[in-house]
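Trainee: What follows is a single structure, and I will ask about it in a moment.
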Amino acid sequence: MAKRTKRTRTERTTDVWGVVKFCAYVAMVIAAVAAMLAFVFGLLAKVNVHIGWAGRVTGICNTVAQVALLVAVIIPAYNYMRSKSAVVRAFFWVAVIFLVLGLIGINLAF
């Protein structure tokens, strides 16, 4: 008599990777927009057209792109470190805290 095998579905993993892919895509698009805005504002500054809010808009786009990139990086890193030792998990959480504090510091500059 053959052994009966049980199959499980991994919908949660698929959803997590969907979020990672979405955040990576959003970060790429917003970073491209921020780079293009910085380029255009730089060209305008060369011809003596100064826009007071140009730096703020570029900074906000860069911050949103960084947040999306962090989400796209933190989720796979979290899945990796779950099965590792306590030291690796501690380093992960310390790194996450430093990254969040760095984002807060960047936002305070704008």
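Here, A, B, ... name the chains of the structure tokens in the order displayed, residue numbers run from 1 inside each chain, and ligands are numbered from 1 in the same displayed order.
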Leaving out A:Leu37 and any residue of its chain fewer than 4 positions from it, which residues lie within 8 Å of it when counting only C-alpha atoms, given as a ChimeraX atom specification?

Mentor: /A:33,41,58

Trainee: Take the residues just selected and output them with C-alpha atoms as a PDB file, in the first residue's frame.

Mentor:
```
ATOM      1  CA  VAL A  33      11.505  60.185 -11.125  1.00  0.00           C
ATOM      2  CA  PHE A  41      16.139  71.257 -11.595  1.00  0.00           C
ATOM      3  CA  THR A  58      13.492  65.715  -4.938  1.00  0.00           C
TER       4      THR A  58
END
```

Trainee: Would you give me, as a PyMOL selection string, the residues in chain A that DSSP reads as helix (DSSP H, G or I)?

Mentor: chain A and resi 11-46+54-81+86-109

Trainee: As an NGL selection string, please: the residues near A:Thr63 (cut-off 10 Å, only C-alpha atoms, same-chain neighbours under 2 positions excluded).

Mentor: :A and (27 or 30-31 or 34 or 57-61 or 65-69 or 103-104 or 106-107)

Trainee: Store the residues of this selection in a file with C-alpha atoms, as a PDB file, in the first residue's frame.

Mentor:
```
ATOM      1  CA  ALA A  27      11.291  52.152  -5.488  1.00  0.00           C
ATOM      2  CA  ILE A  30      10.234  56.748  -7.810  1.00  0.00           C
ATOM      3  CA  ALA A  31      14.053  56.776  -7.771  1.00  0.00           C
ATOM      4  CA  ALA A  34      13.659  61.725  -8.389  1.00  0.00           C
ATOM      5  CA  VAL A  57      10.377  67.653  -3.946  1.00  0.00           C
ATOM      6  CA  THR A  58      13.492  65.715  -4.938  1.00  0.00           C
ATOM      7  CA  GLY A  59      14.175  64.866  -1.298  1.00  0.00           C
ATOM      8  CA  ILE A  60      10.653  63.593  -0.738  1.00  0.00           C
ATOM      9  CA  CYS A  61      10.866  61.391  -3.838  1.00  0.00           C
ATOM     10  CA  ALA A  65      12.086  55.419  -2.828  1.00  0.00           C
ATOM     11  CA  GLN A  66      14.321  54.552   0.139  1.00  0.00           C
ATOM     12  CA  VAL A  67      11.349  53.388   2.208  1.00  0.00           C
ATOM     13  CA  ALA A  68      10.159  51.141  -0.619  1.00  0.00           C
ATOM     14  CA  LEU A  69      13.673  49.756  -1.081  1.00  0.00           C
ATOM     15  CA  LEU A 103      15.191  57.643   7.556  1.00  0.00           C
ATOM     16  CA  ILE A 104      13.792  59.734  10.389  1.00  0.00           C
ATOM     17  CA  ILE A 106      16.763  62.312   6.617  1.00  0.00           C
ATOM     18  CA  ASN A 107      13.146  63.432   6.942  1.00  0.00           C
TER      19      ASN A 107
END
```

Trainee: What is the distance, in Å and to one decimal place, between atom CA of A:Val96 and atom CA of A:Ala38?

Mentor: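 Going from atom CA of A:Val96 over to atom CA of A:Ala38 covers 28.2 Å.
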
Trainee: As an exercise, work out the distance from atom CA of A:Val100 to atom CA of A:Val64 in Å and give it to one decimal place.

Mentor: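 Calculated distance between atom CA of A:Val100 and atom CA of A:Val64 is 12.7 Å.
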